[in-house]
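*Asks:* My structure is stored as upload_28.cif, with mmCIF, C-alpha atoms.
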data_my_file
#
loop_
_atom_site.label_atom_id
_atom_site.label_comp_id
_atom_site.auth_asym_id
_atom_site.auth_seq_id
_atom_site.Cartn_x
_atom_site.Cartn_y
_atom_site.Cartn_z
CA MET A 1 22.03 -7.68 -24.00
CA ALA A 2 21.68 -11.40 -23.39
CA LYS A 3 18.25 -12.83 -22.75
CA HIS A 4 17.24 -13.79 -19.26
CA HIS A 5 17.30 -17.49 -18.53
CA VAL A 6 14.39 -18.26 -16.21
CA THR A 7 13.27 -21.46 -14.50
CA ALA A 8 9.78 -21.57 -13.01
CA THR A 9 6.97 -24.03 -12.25
CA VAL A 10 3.95 -23.79 -14.56
CA ASN A 11 0.93 -25.95 -13.73
CA GLY A 12 3.15 -28.23 -11.67
CA ASP A 13 5.82 -28.74 -14.34
CA GLU A 14 9.25 -27.19 -14.18
CA VAL A 15 9.83 -25.07 -17.29
CA GLU A 16 12.79 -23.11 -18.60
CA PHE A 17 12.58 -20.19 -20.97
CA LEU A 18 14.57 -17.30 -22.37
CA CYS A 19 13.07 -13.81 -22.46
CA GLU A 20 13.89 -10.16 -23.01
CA THR A 21 13.36 -7.73 -20.12
CA GLU A 22 10.32 -6.13 -21.71
CA GLU A 23 8.52 -9.43 -22.35
CA THR A 24 5.65 -9.96 -19.97
CA LEU A 25 4.70 -13.22 -18.31
CA LEU A 26 1.75 -13.27 -20.74
CA ASP A 27 4.13 -12.99 -23.73
CA VAL A 28 6.22 -15.83 -22.30
CA LEU A 29 3.22 -18.08 -21.65
CA ARG A 30 1.66 -17.54 -25.06
CA ASP A 31 4.64 -17.14 -27.38
CA GLY A 32 7.37 -19.01 -25.52
CA LEU A 33 5.54 -21.87 -23.82
CA ASN A 34 2.65 -22.14 -26.26
CA LEU A 35 0.09 -21.85 -23.46
CA THR A 36 -2.38 -19.71 -25.37
CA GLY A 37 -5.33 -20.13 -23.00
CA SER A 38 -4.46 -16.87 -21.23
CA LYS A 39 -5.70 -14.10 -23.51
CA GLU A 40 -4.38 -10.65 -24.27
CA GLY A 41 -7.21 -8.15 -24.05
CA CYS A 42 -5.97 -4.75 -22.97
CA SER A 43 -2.31 -5.23 -21.92
CA SER A 44 -2.89 -2.70 -19.16
CA GLY A 45 -4.41 -4.70 -16.31
CA ASP A 46 -7.98 -3.59 -16.94
CA CYS A 47 -9.68 -6.61 -18.51
CA GLY A 48 -8.41 -9.66 -16.61
CA ALA A 49 -8.36 -11.95 -19.66
CA CYS A 50 -4.72 -12.82 -18.88
CA SER A 51 -5.39 -13.77 -15.22
CA VAL A 52 -3.07 -16.39 -13.72
CA THR A 53 -1.94 -17.14 -10.19
CA LEU A 54 1.62 -16.44 -9.11
CA ASP A 55 2.55 -18.32 -5.92
CA GLY A 56 -1.20 -18.66 -5.37
CA ARG A 57 -1.91 -14.95 -5.79
CA LEU A 58 -4.27 -13.82 -8.57
CA VAL A 59 -2.53 -11.39 -10.95
CA CYS A 60 -2.72 -10.11 -14.52
CA SER A 61 0.10 -11.83 -16.38
CA CYS A 62 0.35 -8.76 -18.65
CA LEU A 63 1.54 -6.77 -15.61
CA VAL A 64 4.31 -9.19 -14.63
CA LEU A 65 7.68 -9.37 -16.38
CA GLY A 66 8.83 -12.80 -17.51
CA CYS A 67 12.20 -12.23 -15.86
CA GLU A 68 10.49 -11.70 -12.48
CA VAL A 69 9.11 -15.21 -12.10
CA GLY A 70 12.28 -17.26 -11.57
CA GLY A 71 11.68 -19.96 -8.96
CA ARG A 72 7.99 -19.12 -8.68
CA ARG A 73 4.84 -21.17 -9.10
CA ILE A 74 2.43 -20.19 -11.87
CA GLU A 75 -1.02 -21.68 -12.48
CA THR A 76 -2.84 -20.99 -15.75
CA ILE A 77 -6.14 -22.07 -17.29
CA GLU A 78 -4.33 -25.03 -18.89
CA GLY A 79 -3.84 -26.51 -15.41
CA MET A 80 -7.49 -26.35 -14.45
CA ALA A 81 -9.04 -29.49 -15.94
CA ARG A 82 -7.68 -32.91 -14.92
CA GLY A 83 -7.21 -34.57 -18.28
CA GLU A 84 -10.68 -34.92 -19.76
CA ARG A 85 -12.33 -34.13 -16.42
CA LEU A 86 -13.40 -30.49 -16.22
CA HIS A 87 -13.00 -28.46 -13.06
CA PRO A 88 -16.44 -27.92 -11.42
CA LEU A 89 -16.28 -24.24 -12.43
CA GLN A 90 -15.75 -25.16 -16.07
CA GLN A 91 -18.68 -27.61 -15.91
CA LYS A 92 -20.98 -25.02 -14.32
CA PHE A 93 -19.96 -22.34 -16.84
CA LEU A 94 -21.17 -24.72 -19.57
CA GLU A 95 -24.39 -25.59 -17.75
CA HIS A 96 -25.24 -21.95 -17.07
CA ALA A 97 -24.16 -20.75 -20.53
CA ALA A 98 -21.81 -18.35 -18.77
CA LEU A 99 -19.89 -17.58 -21.94
CA GLN A 100 -20.48 -16.57 -25.52
CA CYS A 101 -17.38 -15.56 -27.47
CA GLY A 102 -15.11 -17.09 -24.83
CA ILE A 103 -12.22 -14.61 -24.84
CA CYS A 104 -12.79 -13.57 -21.23
CA THR A 105 -13.61 -17.09 -20.01
CA PRO A 106 -10.11 -18.37 -19.08
CA GLY A 107 -9.56 -15.25 -16.98
CA PHE A 108 -12.93 -15.59 -15.26
CA LEU A 109 -12.30 -19.25 -14.50
CA VAL A 110 -8.83 -18.68 -13.07
CA ALA A 111 -10.09 -15.70 -11.00
CA ALA A 112 -13.16 -17.57 -9.73
CA LYS A 113 -11.03 -20.58 -8.78
CA ALA A 114 -8.73 -18.31 -6.76
CA LEU A 115 -11.79 -16.91 -4.96
CA LEU A 116 -13.29 -20.29 -4.09
CA GLU A 117 -9.95 -21.54 -2.79
CA ARG A 118 -9.90 -18.59 -0.37
CA ASP A 119 -13.58 -18.49 0.44
CA PRO A 120 -15.72 -21.55 -0.32
CA ASP A 121 -18.91 -19.69 0.65
CA PRO A 122 -18.86 -16.18 -0.84
CA ASP A 123 -22.03 -14.12 -1.11
CA GLU A 124 -23.04 -12.60 -4.44
CA THR A 125 -21.60 -9.18 -3.60
CA GLU A 126 -18.22 -10.71 -2.79
CA VAL A 127 -18.23 -12.64 -6.08
CA ARG A 128 -19.10 -9.51 -8.04
CA TYR A 129 -16.37 -7.44 -6.38
CA TRP A 130 -13.78 -10.20 -6.69
CA LEU A 131 -14.52 -10.49 -10.43
CA ALA A 132 -14.72 -6.72 -11.04
CA GLY A 133 -11.33 -6.88 -12.76
CA ASN A 134 -12.60 -9.36 -15.36
CA LEU A 135 -14.49 -7.76 -18.21
CA CYS A 136 -17.05 -9.57 -20.36
CA ARG A 137 -18.84 -7.83 -23.22
CA CYS A 138 -21.17 -10.73 -24.08
CA THR A 139 -22.95 -12.21 -21.08
CA GLY A 140 -23.91 -9.20 -18.98
CA TYR A 141 -22.19 -11.03 -16.08
CA ASP A 142 -25.32 -12.49 -14.51
CA LYS A 143 -24.79 -16.00 -15.85
CA ILE A 144 -21.15 -15.92 -14.79
CA ILE A 145 -22.05 -14.91 -11.24
CA LYS A 146 -24.75 -17.61 -11.11
CA ALA A 147 -22.31 -20.23 -12.37
CA VAL A 148 -19.76 -19.30 -9.70
CA MET A 149 -22.38 -19.33 -6.94
CA ALA A 150 -23.67 -22.71 -8.13
CA THR A 151 -20.14 -24.14 -8.22
CA ALA A 152 -19.45 -22.91 -4.70
CA ALA A 153 -22.66 -24.55 -3.47
CA GLU A 154 -21.85 -27.81 -5.21
CA MET A 155 -18.24 -27.90 -4.00
CA ARG A 156 -19.39 -27.33 -0.41
CA SER A 157 -21.82 -30.26 -0.49
CA MET B 1 16.67 -2.74 -21.34
CA ARG B 2 18.50 -4.08 -18.31
CA TYR B 3 16.73 -5.87 -15.45
CA GLU B 4 18.35 -6.30 -12.05
CA ALA B 5 16.88 -7.80 -8.89
CA PRO B 6 19.42 -7.06 -6.14
CA GLU B 7 19.12 -8.53 -2.66
CA SER B 8 20.43 -5.49 -0.79
CA PHE B 9 19.71 -1.76 -0.72
CA GLU B 10 23.41 -1.10 -1.21
CA THR B 11 23.38 -2.80 -4.61
CA ALA B 12 19.99 -1.32 -5.59
CA VAL B 13 21.17 2.21 -4.78
CA ALA B 14 24.48 1.72 -6.62
CA LEU B 15 22.60 0.49 -9.71
CA LEU B 16 20.15 3.40 -9.67
CA ALA B 17 22.83 5.99 -8.94
CA GLY B 18 25.12 4.62 -11.65
CA ALA B 19 22.49 4.39 -14.39
CA LYS B 20 23.30 6.44 -17.48
CA GLY B 21 19.78 6.67 -18.86
CA ASP B 22 16.36 6.49 -17.25
CA ALA B 23 16.29 4.01 -14.37
CA ARG B 24 13.07 2.83 -12.74
CA VAL B 25 12.29 0.98 -9.55
CA LEU B 26 9.99 -2.01 -10.02
CA ALA B 27 7.75 -2.98 -7.12
CA GLY B 28 4.32 -4.27 -8.24
CA GLY B 29 4.68 -2.99 -11.80
CA THR B 30 1.00 -2.06 -12.15
CA ASP B 31 1.91 1.48 -13.21
CA LEU B 32 5.43 0.94 -14.57
CA LEU B 33 4.53 -1.85 -17.01
CA VAL B 34 1.47 0.04 -18.27
CA GLN B 35 3.57 3.16 -18.90
CA MET B 36 6.23 1.13 -20.68
CA ARG B 37 3.59 -0.51 -22.85
CA ALA B 38 2.10 2.90 -23.68
CA ASP B 39 5.58 4.21 -24.64
CA ILE B 40 5.40 6.86 -21.93
CA LEU B 41 8.52 5.32 -20.36
CA ASP B 42 11.41 3.47 -21.96
CA PRO B 43 13.88 2.93 -19.14
CA GLU B 44 17.43 1.79 -19.70
CA LEU B 45 17.41 -0.03 -16.36
CA ILE B 46 14.74 -1.64 -14.18
CA VAL B 47 15.65 -2.38 -10.57
CA ASP B 48 13.27 -4.89 -9.00
CA ILE B 49 13.38 -4.27 -5.23
CA LYS B 50 11.23 -7.23 -4.15
CA LYS B 51 14.18 -9.44 -3.24
CA ILE B 52 15.27 -6.97 -0.55
CA PRO B 53 13.63 -8.33 2.61
CA GLU B 54 12.63 -4.99 4.22
CA THR B 55 10.53 -4.03 1.18
CA ARG B 56 8.35 -7.14 1.56
CA ALA B 57 7.75 -7.24 5.33
CA VAL B 58 4.95 -6.00 7.60
CA THR B 59 6.22 -5.82 11.19
CA GLU B 60 5.22 -4.21 14.47
CA GLU B 61 7.93 -1.79 15.53
CA ARG B 62 8.19 0.55 18.53
CA GLY B 63 4.44 0.27 19.11
CA GLY B 64 3.75 1.25 15.50
CA TRP B 65 4.00 -0.52 12.17
CA ARG B 66 6.63 -0.83 9.49
CA ILE B 67 5.29 -1.67 6.05
CA GLY B 68 7.70 -2.54 3.25
CA ALA B 69 7.40 -0.40 0.13
CA ALA B 70 6.72 -3.50 -2.00
CA VAL B 71 4.06 -5.14 0.19
CA THR B 72 0.92 -5.64 -1.90
CA GLY B 73 -2.59 -4.44 -1.10
CA ALA B 74 -3.77 -8.06 -0.88
CA GLU B 75 -1.10 -8.78 1.73
CA LEU B 76 -2.01 -5.71 3.80
CA LYS B 77 -5.62 -6.87 3.89
CA GLU B 78 -4.55 -10.24 5.27
CA SER B 79 -2.82 -8.68 8.30
CA ALA B 80 -5.67 -8.65 10.83
CA ARG B 81 -3.73 -6.65 13.44
CA LEU B 82 -2.69 -3.97 10.97
CA LYS B 83 -6.27 -3.74 9.73
CA LYS B 84 -7.47 -3.19 13.29
CA ALA B 85 -4.87 -0.49 14.01
CA TRP B 86 -5.09 1.35 10.66
CA PRO B 87 -8.32 0.33 8.88
CA GLY B 88 -8.34 3.49 6.76
CA VAL B 89 -4.87 2.83 5.35
CA VAL B 90 -5.71 -0.78 4.51
CA GLU B 91 -9.04 0.16 2.93
CA ALA B 92 -7.44 2.89 0.85
CA ALA B 93 -4.77 0.52 -0.46
CA ASN B 94 -7.51 -1.95 -1.33
CA LEU B 95 -9.43 0.57 -3.42
CA ILE B 96 -6.65 0.57 -5.99
CA GLY B 97 -7.72 -1.45 -9.03
CA SER B 98 -9.08 -4.98 -9.22
CA THR B 99 -8.33 -8.16 -7.26
CA GLN B 100 -5.63 -8.89 -9.83
CA VAL B 101 -4.07 -5.44 -9.38
CA GLN B 102 -4.32 -5.85 -5.59
CA GLY B 103 -2.14 -8.93 -5.93
CA ARG B 104 0.69 -6.74 -7.19
CA ALA B 105 0.11 -3.05 -6.39
CA THR B 106 2.13 -1.59 -3.52
CA LEU B 107 2.17 1.47 -1.26
CA GLY B 108 5.63 2.45 -2.47
CA GLY B 109 4.56 2.27 -6.09
CA ASN B 110 1.31 4.14 -5.49
CA LEU B 111 3.26 7.03 -3.94
CA CYS B 112 6.19 7.04 -6.38
CA ASN B 113 3.92 6.89 -9.43
CA GLY B 114 3.35 10.54 -8.53
CA SER B 115 -0.38 10.80 -9.15
CA PRO B 116 -2.37 13.40 -7.16
CA ALA B 117 -5.28 10.91 -7.27
CA ALA B 118 -3.37 7.97 -5.70
CA ASP B 119 -5.79 6.32 -3.27
CA SER B 120 -3.39 5.12 -0.59
CA VAL B 121 -1.53 8.41 -0.27
CA PRO B 122 -4.17 10.57 1.52
CA ALA B 123 -4.65 7.71 4.01
CA LEU B 124 -0.89 7.48 4.62
CA ILE B 125 -0.58 11.25 5.03
CA ALA B 126 -3.54 11.36 7.43
CA ALA B 127 -1.90 8.54 9.36
CA GLY B 128 1.27 10.58 9.77
CA ALA B 129 3.25 7.93 7.89
CA VAL B 130 6.96 8.49 7.37
CA ALA B 131 8.78 7.12 4.31
CA SER B 132 12.16 5.56 5.00
CA VAL B 133 14.31 6.42 2.01
CA VAL B 134 17.66 4.84 1.15
CA GLY B 135 20.13 6.46 -1.20
CA PRO B 136 23.78 7.13 -1.96
CA LYS B 137 24.11 9.22 1.22
CA GLY B 138 22.50 6.64 3.47
CA ARG B 139 19.01 6.57 4.93
CA ARG B 140 16.64 9.46 5.61
CA GLU B 141 13.10 9.64 6.93
CA ILE B 142 10.63 11.85 5.03
CA PRO B 143 6.98 12.53 5.99
CA VAL B 144 4.86 11.12 3.17
CA GLU B 145 3.35 14.55 2.43
CA ASP B 146 6.84 15.77 1.50
CA VAL B 147 7.60 13.01 -1.01
CA MET B 148 5.40 14.20 -3.86
CA LEU B 149 5.97 17.65 -5.38
CA GLY B 150 3.55 17.54 -8.30
CA PRO B 151 2.29 15.21 -11.03
CA ARG B 152 5.10 12.65 -11.67
CA LYS B 153 7.50 14.80 -9.62
CA LEU B 154 9.05 13.50 -6.38
CA SER B 155 11.49 14.97 -3.89
CA LEU B 156 13.63 11.81 -4.14
CA GLN B 157 17.13 12.31 -5.55
CA LYS B 158 18.90 10.16 -8.15
CA GLY B 159 19.76 6.82 -6.61
CA GLU B 160 17.14 7.08 -3.86
CA LEU B 161 14.24 4.70 -3.32
CA ILE B 162 11.61 4.13 -0.65
CA ALA B 163 12.43 1.11 1.51
CA SER B 164 9.42 1.14 3.82
CA PHE B 165 6.83 3.25 5.61
CA PHE B 166 6.47 3.73 9.36
CA LEU B 167 2.99 4.17 10.80
CA PRO B 168 3.13 5.61 14.32
CA PRO B 169 1.78 3.91 17.46
CA ARG B 170 -1.98 4.15 17.92
CA PRO B 171 -3.11 5.61 21.25
CA LYS B 172 -6.40 4.34 22.71
CA GLY B 173 -9.40 6.12 21.20
CA SER B 174 -7.94 6.48 17.70
CA GLY B 175 -9.52 5.86 14.32
CA ASP B 176 -8.88 6.53 10.64
CA ALA B 177 -10.82 6.35 7.40
CA TYR B 178 -10.43 7.02 3.70
CA LEU B 179 -13.21 7.71 1.21
CA ARG B 180 -13.09 8.51 -2.45
CA PHE B 181 -15.61 9.56 -5.06
CA ILE B 182 -15.75 7.77 -8.40
CA PRO B 183 -18.72 7.69 -10.77
CA ARG B 184 -19.06 3.90 -10.39
CA THR B 185 -18.57 1.43 -7.55
CA GLU B 186 -15.20 -0.10 -8.50
CA MET B 187 -12.15 0.16 -10.74
CA ASP B 188 -11.80 3.88 -11.36
CA ILE B 189 -9.52 6.80 -10.55
CA ALA B 190 -10.49 9.07 -7.66
CA VAL B 191 -12.27 12.30 -8.60
CA VAL B 192 -11.68 13.31 -4.97
CA GLY B 193 -10.20 11.36 -2.05
CA ALA B 194 -10.22 12.22 1.65
CA GLY B 195 -8.27 10.62 4.50
CA VAL B 196 -8.85 11.42 8.18
CA SER B 197 -7.09 10.15 11.28
CA LEU B 198 -8.00 11.31 14.78
CA THR B 199 -7.49 10.52 18.45
CA LEU B 200 -9.96 11.34 21.21
CA ASP B 201 -8.80 13.06 24.40
CA GLY B 202 -9.82 11.92 27.91
CA ALA B 203 -13.11 13.82 27.68
CA GLY B 204 -14.11 12.13 24.40
CA LYS B 205 -13.36 15.19 22.30
CA ILE B 206 -11.17 15.23 19.21
CA GLY B 207 -7.55 15.79 20.16
CA ALA B 208 -4.83 15.11 17.63
CA ALA B 209 -6.18 14.91 14.06
CA ARG B 210 -4.90 14.94 10.49
CA VAL B 211 -6.85 15.46 7.27
CA SER B 212 -5.53 14.83 3.77
CA LEU B 213 -7.17 15.41 0.38
CA GLY B 214 -6.38 13.75 -2.94
CA ALA B 215 -7.12 14.79 -6.54
CA VAL B 216 -7.89 18.41 -5.62
CA ALA B 217 -4.44 19.91 -6.25
CA GLU B 218 -1.17 19.18 -8.06
CA LYS B 219 -0.27 16.78 -5.23
CA VAL B 220 -1.99 15.09 -2.32
CA LEU B 221 -2.53 17.75 0.34
CA LEU B 222 -2.16 17.71 4.11
CA VAL B 223 -4.79 20.18 5.36
CA PRO B 224 -3.93 21.33 8.90
CA ALA B 225 -6.81 23.87 8.89
CA ALA B 226 -9.31 21.05 8.43
CA ALA B 227 -7.87 19.16 11.40
CA GLN B 228 -7.91 22.39 13.40
CA ALA B 229 -11.59 22.86 12.54
CA MET B 230 -12.54 19.66 14.41
CA ALA B 231 -10.12 19.98 17.33
CA GLY B 232 -11.77 20.03 20.75
CA SER B 233 -15.18 19.10 19.31
CA THR B 234 -17.30 15.96 19.24
CA LEU B 235 -17.87 16.62 15.54
CA ASP B 236 -21.23 18.22 16.21
CA GLN B 237 -22.99 20.10 13.41
CA PRO B 238 -20.99 23.36 13.69
CA ALA B 239 -17.69 21.43 13.76
CA GLN B 240 -18.76 19.43 10.70
CA GLU B 241 -19.53 22.66 8.87
CA ARG B 242 -16.16 24.15 9.86
CA LEU B 243 -14.42 20.99 8.67
CA GLU B 244 -16.21 21.07 5.31
CA ALA B 245 -15.39 24.74 4.80
CA ALA B 246 -11.71 24.24 5.68
CA ALA B 247 -11.42 21.26 3.34
CA ARG B 248 -13.00 23.21 0.48
CA ALA B 249 -10.77 26.22 1.12
CA ALA B 250 -7.69 24.05 0.58
CA CYS B 251 -8.80 22.79 -2.85
CA ARG B 252 -7.17 24.07 -6.03
CA PRO B 253 -8.26 21.35 -8.47
CA ILE B 254 -8.18 21.14 -12.23
CA ASP B 255 -11.20 20.91 -14.51
CA ASP B 256 -11.14 17.71 -16.49
CA LYS B 257 -13.34 14.92 -17.78
CA ARG B 258 -13.53 13.38 -14.30
CA GLY B 259 -14.86 16.47 -12.55
CA THR B 260 -15.12 20.24 -12.63
CA VAL B 261 -13.44 22.60 -10.17
CA GLU B 262 -16.80 23.30 -8.50
CA PHE B 263 -17.73 19.64 -8.22
CA ARG B 264 -14.37 18.54 -6.82
CA THR B 265 -14.36 21.37 -4.29
CA GLN B 266 -17.92 20.56 -3.16
CA VAL B 267 -17.22 16.83 -2.89
CA ALA B 268 -13.97 17.38 -0.97
CA GLY B 269 -15.96 18.93 1.89
CA VAL B 270 -18.54 16.16 1.88
CA LEU B 271 -15.94 13.36 1.84
CA ALA B 272 -13.80 14.99 4.54
CA ARG B 273 -16.89 15.18 6.79
CA ARG B 274 -17.99 11.61 6.08
CA ALA B 275 -14.47 10.22 6.54
CA ALA B 276 -14.15 12.13 9.82
CA LEU B 277 -17.46 10.65 11.07
CA ILE B 278 -16.27 7.12 10.26
CA ALA B 279 -12.89 7.79 11.92
CA LEU B 280 -14.73 9.13 15.00
CA GLU B 281 -16.95 6.07 15.21
CA ARG B 282 -13.87 3.84 14.99
CA ALA B 283 -12.06 5.90 17.61
CA ARG B 284 -14.98 5.51 20.02
CA ALA B 285 -14.96 1.75 19.53
CA ASN B 286 -11.23 1.50 20.01
#
As a first step, turn the structure in this file into structure tokens.
*Replies:*
Amino acid sequence: MAKHHVTATVNGDEVEFLCETEETLLDVLRDGLNLTGSKEGCSSGDCGACSVTLDGRLVCSCLVLGCEVGGRRIETIEGMARGERLHPLQQKFLEHAALQCGICTPGFLVAAKALLERDPDPDETEVRYWLAGNLCRCTGYDKIIKAVMATAAEMRS
Amino acid sequence: MRYEAPESFETAVALLAGAKGDARVLAGGTDLLVQMRADILDPELIVDIKKIPETRAVTEERGGWRIGAAVTGAELKESARLKKAWPGVVEAANLIGSTQVQGRATLGGNLCNGSPAADSVPALIAAGAVASVVGPKGRREIPVEDVMLGPRKLSLQKGELIASFFLPPRPKGSGDAYLRFIPRTEMDIAVVGAGVSLTLDGAGKIGAARVSLGAVAEKVLLVPAAAQAMAGSTLDQPAQERLEAAARAACRPIDDKRGTVEFRTQVAGVLARRAALIALERARAN
């Protein structure tokens, strides 16, 4: 069977790719488009390392088929910094040492950005629940939560 | 593996009915893709129903609500009016998985995945929701409690798919609630789930009521005896005890790593009572 020919917008750029039915959006991003910031952790929607937004909605790219995204708008970790200028979340993650090995970090950043775009003033409980689908085995989460709270405060002021 | 994303039910049904091998409906994909990845499923055909407008719409209809089978949990939560009318249904749908999963997971998928522990299903059954099913012979309406027969087994025929759900009009003095037990606060599969919907009569006593239990049998149960146990009461202590006993009597759970038969049966009574108290409080405020 012929591959699917898909056109979508990724981080503001129109992209075209070919994919098999069983290839996920994560496969397409990493292997087809060379956007390897989104990580493959579990491939079952449990770890959140592959988080992206699809038409503004936070999803696991491992649970989306590549052939589903024709005409849709995808934002990945690669679209977060503006050139050399880090997104405030990225800056605060560095300042708060909210990462160690870094595998989960792109997913946390994309998920936290989606939260702050919806709610610029979340309380700690909301942040913890929102990020419950992102697993980190290094930090114990506290530094991540503090970094997100600090970013929210800074972006509000 | 073929992928089709038709824009009409007619085409979707023809594709599903004409498939030679295993054919699967794709809504949010949060179960289907996981099962494909785990080699549990290897369909010949995937029919993505999200381009069919009815599957993606939430609309008020005949005083009630029509919810498309492929509307996501995140979208349900953003409908303030639906949340006010059916808070238990919306909360149940939003207990499924993480924020990321909420962005994709749907009511149609949660039901058709055929798990007795599906969180949104007891809430839908308690609500008296009716599934609108399209197939080769046209459209038929099936109460949600009649869709699932057992683990991974549905009463849908080849070529049939769920288009949408209808939630009935809400009389004044109505409330619903869904509670589940899991050993942690988030991101787990229900050990027991309980959905309750009730409407108060003119005297402030419980009139019409429905109780549904998840993860305590081979399918999600509608428990008329539990609803009967509260009828005509204000959910005072004796009525609460009757409700708990009726809920427990309906349980026929399995023993597994998530919970023993005794534990599930005990918890089913507790959750039915607590869900009923929340539904009652909501009904009084409504």
*Asks:* Identify every residue of chain A that has at least one atom within 8 Å of any atom of chain B, counting all atoms listed in the file, and report the result as JSON, numbers by chain.
*Replies:* {"A": [1, 21, 22, 43, 44, 45, 46, 48, 51, 57, 58, 59, 60, 63, 64, 67, 129, 130, 131, 132, 133]}
*Asks:* Calculate how many Å separate CA of Lys219 in chain B from CA of Ser120 in chain B, rounding to one decimal.
*Replies:*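 Between CA of Lys219 in chain B and CA of Ser120 in chain B the gap works out to 12.9 Å.
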*Asks:* I'd like the residues picked by the PyMOL selection byres ((chain B and resi 112) around 9) written out as a PDB file with C-alpha atoms, keeping the file's coordinate frame, using the chain letters and numbers from the file.
*Replies:*
ATOM      1  CA  LEU B 107       2.170   1.470  -1.260  1.00  0.00           C
ATOM      2  CA  GLY B 108       5.630   2.450  -2.470  1.00  0.00           C
ATOM      3  CA  GLY B 109       4.560   2.270  -6.090  1.00  0.00           C
ATOM      4  CA  ASN B 110       1.310   4.140  -5.490  1.00  0.00           C
ATOM      5  CA  LEU B 111       3.260   7.030  -3.940  1.00  0.00           C
ATOM      6  CA  ASN B 113       3.920   6.890  -9.430  1.00  0.00           C
ATOM      7  CA  GLY B 114       3.350  10.540  -8.530  1.00  0.00           C
ATOM      8  CA  SER B 115      -0.380  10.800  -9.150  1.00  0.00           C
ATOM      9  CA  VAL B 147       7.600  13.010  -1.010  1.00  0.00           C
ATOM     10  CA  MET B 148       5.400  14.200  -3.860  1.00  0.00           C
ATOM     11  CA  ARG B 152       5.100  12.650 -11.670  1.00  0.00           C
ATOM     12  CA  LYS B 153       7.500  14.800  -9.620  1.00  0.00           C
ATOM     13  CA  LEU B 154       9.050  13.500  -6.380  1.00  0.00           C
ATOM     14  CA  LEU B 161      14.240   4.700  -3.320  1.00  0.00           C
ATOM     15  CA  ILE B 162      11.610   4.130  -0.650  1.00  0.00           C
TER      16      ILE B 162
END
*Asks:* Work out how far CA of Glu218 in chain B is from CA of Ala123 in chain B, in Å to one decimal.
*Replies:* 17.0 Å
*Asks:* Which is closest to Leu65 in chain A among B:Leu235, B:Gly21, B:Ala27, B:Asp176, if we use only C-alpha atoms?
*Replies:*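 So, comparing all the options, the nearest one is B:Ala27.
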*Asks:* Since the input lacks some atoms of range 97-109 of chain A, please model N, CA and C atoms and print them as a PDB file, in the frame of the given file.
*Replies:*
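Resulting contents of result38.pdb:
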ATOM      1  N   ALA A  97     -24.433 -21.550 -19.333  1.00  0.00           N
ATOM      2  CA  ALA A  97     -24.160 -20.750 -20.530  1.00  0.00           C
ATOM      3  C   ALA A  97     -23.492 -19.424 -20.149  1.00  0.00           C
ATOM      4  N   ALA A  98     -22.454 -19.539 -19.306  1.00  0.00           N
ATOM      5  CA  ALA A  98     -21.810 -18.350 -18.770  1.00  0.00           C
ATOM      6  C   ALA A  98     -20.718 -17.819 -19.697  1.00  0.00           C
ATOM      7  N   LEU A  99     -20.850 -18.109 -20.977  1.00  0.00           N
ATOM      8  CA  LEU A  99     -19.890 -17.580 -21.940  1.00  0.00           C
ATOM      9  C   LEU A  99     -20.536 -17.523 -23.310  1.00  0.00           C
ATOM     10  N   GLN A 100     -20.043 -16.583 -24.125  1.00  0.00           N
ATOM     11  CA  GLN A 100     -20.480 -16.570 -25.520  1.00  0.00           C
ATOM     12  C   GLN A 100     -19.251 -16.628 -26.415  1.00  0.00           C
ATOM     13  N   CYS A 101     -18.533 -15.515 -26.566  1.00  0.00           N
ATOM     14  CA  CYS A 101     -17.380 -15.560 -27.470  1.00  0.00           C
ATOM     15  C   CYS A 101     -16.196 -16.294 -26.845  1.00  0.00           C
ATOM     16  N   GLY A 102     -16.100 -16.270 -25.511  1.00  0.00           N
ATOM     17  CA  GLY A 102     -15.110 -17.090 -24.830  1.00  0.00           C
ATOM     18  C   GLY A 102     -13.771 -16.442 -24.543  1.00  0.00           C
ATOM     19  N   ILE A 103     -13.534 -15.236 -25.043  1.00  0.00           N
ATOM     20  CA  ILE A 103     -12.220 -14.610 -24.840  1.00  0.00           C
ATOM     21  C   ILE A 103     -11.969 -14.341 -23.354  1.00  0.00           C
ATOM     22  N   CYS A 104     -12.996 -13.926 -22.638  1.00  0.00           N
ATOM     23  CA  CYS A 104     -12.790 -13.570 -21.230  1.00  0.00           C
ATOM     24  C   CYS A 104     -12.814 -14.803 -20.331  1.00  0.00           C
ATOM     25  N   THR A 105     -13.294 -15.937 -20.855  1.00  0.00           N
ATOM     26  CA  THR A 105     -13.610 -17.090 -20.010  1.00  0.00           C
ATOM     27  C   THR A 105     -12.410 -17.660 -19.235  1.00  0.00           C
ATOM     28  N   PRO A 106     -11.241 -17.856 -19.866  1.00  0.00           N
ATOM     29  CA  PRO A 106     -10.110 -18.370 -19.080  1.00  0.00           C
ATOM     30  C   PRO A 106      -9.797 -17.482 -17.881  1.00  0.00           C
ATOM     31  N   GLY A 107      -9.849 -16.187 -18.075  1.00  0.00           N
ATOM     32  CA  GLY A 107      -9.560 -15.250 -16.980  1.00  0.00           C
ATOM     33  C   GLY A 107     -10.593 -15.357 -15.874  1.00  0.00           C
ATOM     34  N   PHE A 108     -11.873 -15.434 -16.264  1.00  0.00           N
ATOM     35  CA  PHE A 108     -12.930 -15.590 -15.260  1.00  0.00           C
ATOM     36  C   PHE A 108     -12.760 -16.880 -14.475  1.00  0.00           C
ATOM     37  N   LEU A 109     -12.432 -17.962 -15.172  1.00  0.00           N
ATOM     38  CA  LEU A 109     -12.300 -19.250 -14.500  1.00  0.00           C
ATOM     39  C   LEU A 109     -11.136 -19.246 -13.506  1.00  0.00           C
TER      40      LEU A 109
END
